[in-house]
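**Q** Here you go, model.cif (mmCIF, C-alpha atoms):
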data_target
loop_
_atom_site.label_atom_id
_atom_site.label_comp_id
_atom_site.auth_asym_id
_atom_site.auth_seq_id
_atom_site.Cartn_x
_atom_site.Cartn_y
_atom_site.Cartn_z
CA ASN A 25 0.00 0.00 0.00
CA PRO A 26 1.99 3.02 -1.24
CA VAL A 27 -0.16 5.46 0.77
CA ALA A 28 0.09 3.75 4.17
CA THR A 29 1.68 6.50 6.25
CA ASP A 30 2.27 4.24 9.25
CA ALA A 31 4.13 1.74 7.07
CA LEU A 32 6.31 4.50 5.60
CA VAL A 33 7.10 5.84 9.08
CA GLY A 34 7.92 2.28 10.16
CA ILE A 35 10.30 1.86 7.24
CA GLY A 36 11.92 5.20 8.11
CA ASP A 37 12.27 4.16 11.75
CA VAL A 38 14.00 0.92 10.76
CA TYR A 39 16.49 2.79 8.58
CA LEU A 40 17.01 5.37 11.35
CA ALA A 41 17.80 2.60 13.84
CA GLU A 42 20.38 1.24 11.39
CA GLY A 43 21.89 4.68 10.79
CA LEU A 44 20.95 4.65 7.11
CA TRP A 45 19.89 8.31 6.90
CA ASP A 46 19.85 8.48 3.10
CA ARG A 47 17.44 5.54 2.94
CA ALA A 48 15.22 6.78 5.80
CA GLU A 49 14.76 10.26 4.35
CA PRO A 50 12.60 9.33 1.32
CA ALA A 51 10.31 7.18 3.47
CA PHE A 52 9.75 9.98 5.97
CA ALA A 53 9.44 12.58 3.19
CA ARG A 54 6.69 10.56 1.51
CA ALA A 55 4.88 9.98 4.82
CA ALA A 56 5.09 13.70 5.69
CA LYS A 57 3.71 14.63 2.27
CA LEU A 58 0.86 12.10 2.47
CA GLU A 59 -0.12 13.11 5.99
CA PRO A 60 1.18 16.60 6.89
CA ARG A 61 -0.39 16.48 10.39
CA ASN A 62 1.47 13.28 11.33
CA PHE A 63 3.99 14.19 14.03
CA ASP A 64 6.08 11.04 13.64
CA ALA A 65 6.47 11.63 9.90
CA GLN A 66 7.48 15.28 10.32
CA TYR A 67 9.81 14.58 13.25
CA GLY A 68 11.44 11.58 11.57
CA HIS A 69 11.92 13.64 8.43
CA GLY A 70 13.59 16.35 10.49
CA VAL A 71 15.95 13.85 12.13
CA THR A 72 17.04 12.34 8.82
CA LEU A 73 17.54 15.75 7.23
CA GLN A 74 19.59 16.89 10.21
CA MET A 75 21.76 13.77 10.02
CA LEU A 76 22.28 14.42 6.30
CA ASP A 77 23.43 17.99 7.11
CA ARG A 78 20.45 19.46 5.26
CA PHE A 79 19.85 21.89 8.09
CA VAL A 80 17.45 24.39 6.48
CA GLU A 81 15.10 21.59 5.46
CA ALA A 82 15.46 19.98 8.90
CA VAL A 83 14.46 23.25 10.58
CA ARG A 84 11.33 23.37 8.45
CA ALA A 85 10.43 19.77 9.30
CA TYR A 86 10.97 20.33 13.04
CA HIS A 87 8.82 23.48 12.93
CA ARG A 88 6.04 21.48 11.26
CA ALA A 89 6.40 18.80 13.95
CA LEU A 90 6.19 21.44 16.69
CA THR A 91 2.99 22.89 15.25
CA ILE A 92 1.51 19.42 15.80
CA ASP A 93 3.06 18.83 19.24
CA PRO A 94 4.65 21.94 20.77
CA ASP A 95 5.53 19.98 23.94
CA SER A 96 7.75 17.47 22.18
CA LEU A 97 11.07 17.35 24.03
CA GLY A 98 12.82 15.71 21.08
CA ALA A 99 11.61 18.19 18.48
CA ASN A 100 12.51 21.20 20.65
CA LEU A 101 15.99 19.83 21.41
CA ASN A 102 16.71 18.74 17.86
CA LEU A 103 15.58 22.08 16.50
CA ALA A 104 17.88 23.85 18.97
CA THR A 105 20.83 21.63 18.04
CA THR A 106 20.15 22.13 14.34
CA TYR A 107 20.26 25.90 14.82
CA LEU A 108 23.51 25.48 16.77
CA GLN A 109 24.95 23.40 13.93
CA MET A 110 24.00 26.27 11.60
CA GLY A 111 25.84 28.74 13.85
CA ARG A 112 22.63 30.46 14.97
CA PRO A 113 22.55 30.35 18.78
CA LYS A 114 20.04 33.22 19.00
CA SER A 115 17.54 31.15 17.01
CA ALA A 116 18.33 28.08 19.13
CA LEU A 117 17.73 29.79 22.48
CA VAL A 118 13.92 29.62 22.67
CA PHE A 119 13.89 25.92 21.72
CA ALA A 120 16.77 25.04 24.03
CA GLN A 121 14.96 26.81 26.89
CA ARG A 122 11.73 24.99 26.07
CA GLY A 123 13.64 21.70 26.01
CA ALA A 124 15.09 22.40 29.46
CA ASP A 125 11.60 23.26 30.73
CA LEU A 126 10.34 19.91 29.40
CA SER A 127 13.47 18.00 30.49
CA GLU A 128 11.74 15.53 32.83
CA GLY A 129 14.84 15.31 35.01
CA THR A 130 17.29 14.45 32.22
CA ALA A 131 20.64 16.10 31.57
CA PRO A 132 20.83 16.54 27.74
CA PRO A 133 18.30 19.40 27.54
CA HIS A 134 20.27 21.35 30.14
CA ILE A 135 23.52 20.71 28.27
CA THR A 136 21.96 22.01 25.05
CA LEU A 137 20.71 25.12 26.83
CA ALA A 138 24.11 25.62 28.49
CA ALA A 139 25.93 25.38 25.16
CA THR A 140 23.50 27.87 23.64
CA LEU A 141 23.93 30.32 26.51
CA GLN A 142 27.71 29.92 26.38
CA LEU A 143 27.75 30.74 22.66
CA LEU A 144 25.64 33.80 23.40
CA GLY A 145 28.20 34.98 25.95
CA ASN A 146 26.14 34.35 29.07
CA GLY A 147 28.71 32.31 31.01
CA GLU A 148 26.99 32.51 34.40
CA ALA A 149 23.67 31.15 33.11
CA ALA A 150 25.52 28.52 31.07
CA LEU A 151 27.42 27.40 34.17
CA GLU A 152 24.15 27.01 36.10
CA GLN A 153 22.78 24.77 33.36
CA TYR A 154 25.96 22.66 33.15
CA ILE A 155 25.88 22.19 36.93
CA THR A 156 22.20 21.21 36.77
CA ALA A 157 23.05 18.66 34.07
CA ALA A 158 25.93 17.26 36.16
CA GLU A 159 23.62 16.87 39.16
CA LEU A 160 21.13 14.93 37.04
CA MET A 161 23.75 12.46 35.84
CA GLU A 162 24.95 9.44 37.76
CA GLN A 163 28.48 10.29 36.61
CA PRO A 164 29.13 13.47 34.61
CA SER A 165 31.10 13.07 31.40
CA PRO A 166 34.66 14.41 31.22
CA GLN A 167 33.54 16.93 28.58
CA LEU A 168 30.83 18.26 30.87
CA MET A 169 33.32 18.66 33.72
CA GLU A 170 35.76 20.44 31.38
CA ASN A 171 33.00 22.87 30.37
CA ILE A 172 32.27 23.57 34.04
CA ILE A 173 35.98 24.08 34.78
CA TYR A 174 36.33 26.43 31.81
CA LEU A 175 33.41 28.63 32.90
CA LEU A 176 34.50 28.65 36.55
CA SER A 177 37.98 29.69 35.39
CA GLN A 178 36.51 32.56 33.41
CA GLN A 179 34.80 33.76 36.56
CA ARG A 180 38.01 33.32 38.58
CA ARG A 181 36.35 30.93 41.01
CA TYR A 182 39.58 28.99 41.53
CA LEU A 183 38.57 27.02 44.62
CA GLU A 184 35.59 25.65 42.70
CA VAL A 185 37.84 25.00 39.69
CA ALA A 186 40.10 22.89 41.92
CA ASN A 187 37.13 20.96 43.31
CA ALA A 188 35.74 20.34 39.82
CA ALA A 189 39.20 19.27 38.61
CA ARG A 190 39.39 16.73 41.46
CA GLN A 191 36.05 15.32 40.33
CA LEU A 192 37.32 15.24 36.75
CA ILE A 193 40.40 13.29 37.86
CA ARG A 194 38.14 10.68 39.48
CA ILE A 195 36.31 10.03 36.21
CA ASP A 196 39.13 10.76 33.74
CA PRO A 197 42.61 10.56 35.35
CA THR A 198 44.60 11.94 32.42
CA THR A 199 47.54 14.32 32.39
CA GLU A 200 45.22 17.08 31.16
CA SER A 201 42.94 16.55 34.16
CA TRP A 202 45.87 16.74 36.57
CA GLU A 203 47.13 19.84 34.76
CA ARG A 204 43.80 21.57 35.34
CA LEU A 205 44.03 20.81 39.05
CA GLY A 206 47.62 22.05 39.20
CA TRP A 207 46.65 25.24 37.37
CA ALA A 208 43.78 25.91 39.81
CA GLU A 209 45.97 25.25 42.85
CA PHE A 210 48.64 27.56 41.46
CA ARG A 211 46.00 30.28 41.06
CA LEU A 212 44.86 29.72 44.64
#
Would you mind writing the file's structure down as structure tokens?

**A**
Amino acid sequence: NPVATDALVGIGDVYLAEGLWDRAEPAFARAAKLEPRNFDAQYGHGVTLQMLDRFVEAVRAYHRALTIDPDSLGANLNLATTYLQMGRPKSALVFAQRGADLSEGTAPPHITLAATLQLLGNGEAALEQYITAAELMEQPSPQLMENIIYLLSQQRRYLEVANAARQLIRIDPTTESWERLGWAEFRL
């Protein structure tokens, strides 16, 4: 049945799961065209377009998905990250903020908002969001800890830099981690 939207979305989902973006895109595109008010078709189309680096088209698909379900965490976050990939943090801000508001106690939306705020030059607000993300994770990633250390360093909060560096050493005991601790202790 060439007009079965659910079947086309299913085919797209299978290709998405396998990482075959170029094969998933036509299935989602056809489903989205057949049934423009189908959230899964619009969202899936946005994901495949984003993965294919077709950012302008992905933005359009995510906007269509959000007109159907404005409270979709995934669509808000993916739209924000697409705008960030395009180098447009101002456009990303509203969607990153909405994602953080919808976060349901998960870290990634706060990381996306923090990255957006950091690109916009609001280091203090970015730091708050990175710290919130770290608190929501069982074990923060080394990259997250490095972002926190960087922003604390910018604010000259060296005691907190040293404490964050100690935590970084526990999860990633590399020479770079030890160097960050040494740098903070020297500053103190």

**Q** Taking the file as shown, what set of residues would the PyMOL selection byres ((chain A and resi 92-109) around 7) give back, as a list of chain:residue names?

**A**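 On the file shown, the PyMOL selection byres ((chain A and resi 92-109) around 7) covers A:Arg61, A:Phe63, A:Tyr67, A:Gln74, A:Phe79, A:Val83, A:Tyr86, A:Arg88, A:Ala89, A:Leu90, A:Thr91, A:Met110, A:Gly111, A:Arg112, A:Pro113, A:Ser115, A:Ala116, A:Leu117, A:Phe119, A:Ala120, A:Arg122, A:Gly123, A:Leu126, A:Ser127, A:Pro133.
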
**Q** Deliver the residues from the most recent selection as a file, using C-alpha atoms, as a JSON list (two decimals), keeping the file's coordinate frame.

**A**
[["chain", "number", "residue", "atom", "x", "y", "z"],
["A", 61, "ARG", "CA", -0.39, 16.48, 10.39],
["A", 63, "PHE", "CA", 3.99, 14.19, 14.03],
["A", 67, "TYR", "CA", 9.81, 14.58, 13.25],
["A", 74, "GLN", "CA", 19.59, 16.89, 10.21],
["A", 79, "PHE", "CA", 19.85, 21.89, 8.09],
["A", 83, "VAL", "CA", 14.46, 23.25, 10.58],
["A", 86, "TYR", "CA", 10.97, 20.33, 13.04],
["A", 88, "ARG", "CA", 6.04, 21.48, 11.26],
["A", 89, "ALA", "CA", 6.40, 18.80, 13.95],
["A", 90, "LEU", "CA", 6.19, 21.44, 16.69],
["A", 91, "THR", "CA", 2.99, 22.89, 15.25],
["A", 110, "MET", "CA", 24.00, 26.27, 11.60],
["A", 111, "GLY", "CA", 25.84, 28.74, 13.85],
["A", 112, "ARG", "CA", 22.63, 30.46, 14.97],
["A", 113, "PRO", "CA", 22.55, 30.35, 18.78],
["A", 115, "SER", "CA", 17.54, 31.15, 17.01],
["A", 116, "ALA", "CA", 18.33, 28.08, 19.13],
["A", 117, "LEU", "CA", 17.73, 29.79, 22.48],
["A", 119, "PHE", "CA", 13.89, 25.92, 21.72],
["A", 120, "ALA", "CA", 16.77, 25.04, 24.03],
["A", 122, "ARG", "CA", 11.73, 24.99, 26.07],
["A", 123, "GLY", "CA", 13.64, 21.70, 26.01],
["A", 126, "LEU", "CA", 10.34, 19.91, 29.40],
["A", 127, "SER", "CA", 13.47, 18.00, 30.49],
["A", 133, "PRO", "CA", 18.30, 19.40, 27.54]]

**Q** Which residues are close to Ala186 (chain A), i.e. within 8 Å by all atoms listed in the file, leaving aside same-chain residues fewer than 2 positions away? Reply as JSON, numbers by chain.

**A** {"A": [182, 183, 184, 188, 189, 190, 204, 205, 208, 209]}

**Q** Could you write out as a list of chain:residue names the residues that the PyMOL selection byres ((chain A and resi 37) around 10) matches in the shown file?

**A** A:Ala31, A:Leu32, A:Val33, A:Gly34, A:Ile35, A:Gly36, A:Val38, A:Tyr39, A:Leu40, A:Ala41, A:Glu42, A:Gly43, A:Leu44, A:Trp45, A:Ala48, A:Glu49, A:Ala51, A:Phe52, A:Asp64, A:Ala65, A:Gly68, A:Thr72

**Q** From the list A:Arg47, A:Asn187, A:Leu160, A:Trp207, which residue is nearest Ile172 (chain A) when using only C-alpha atoms?

**A**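 Closest to Ile172 (chain A), using only C-alpha atoms: A:Asn187.
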
**Q** What is the CA of Trp202 (chain A)-CA of Gln167 (chain A) distance in Å, reported with one decimal?

**A**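 Distance between the two atoms: 14.7 Å.
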
**Q** May I have the residues within 10 Å of Pro132 (chain A) as a PyMOL selection string, using all atoms listed in the file and disregarding those fewer than 2 positions away in the same chain?

**A** chain A and resi 101+123-124+127+129-130+134-138+154+157-158+160-161

**Q** Find, counting all atoms listed in the file, the residue in A:Pro166, A:Phe210, A:Glu59, A:Arg181 that gets nearest to Ile195 (chain A).

**A**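 Counting all atoms listed in the file, the residue closest to Ile195 (chain A) is A:Pro166.
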
**Q** Record the distance separating CA of Ile173 (chain A) and CA of Gly147 (chain A), expressed in Å with one decimal.

**A**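 Separation between CA of Ile173 (chain A) and CA of Gly147 (chain A): 11.6 Å.
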
**Q** When you draw a straight line from CA of Pro26 (chain A) to CA of Asp46 (chain A), how long is it in Å?

**A** 19.2 Å
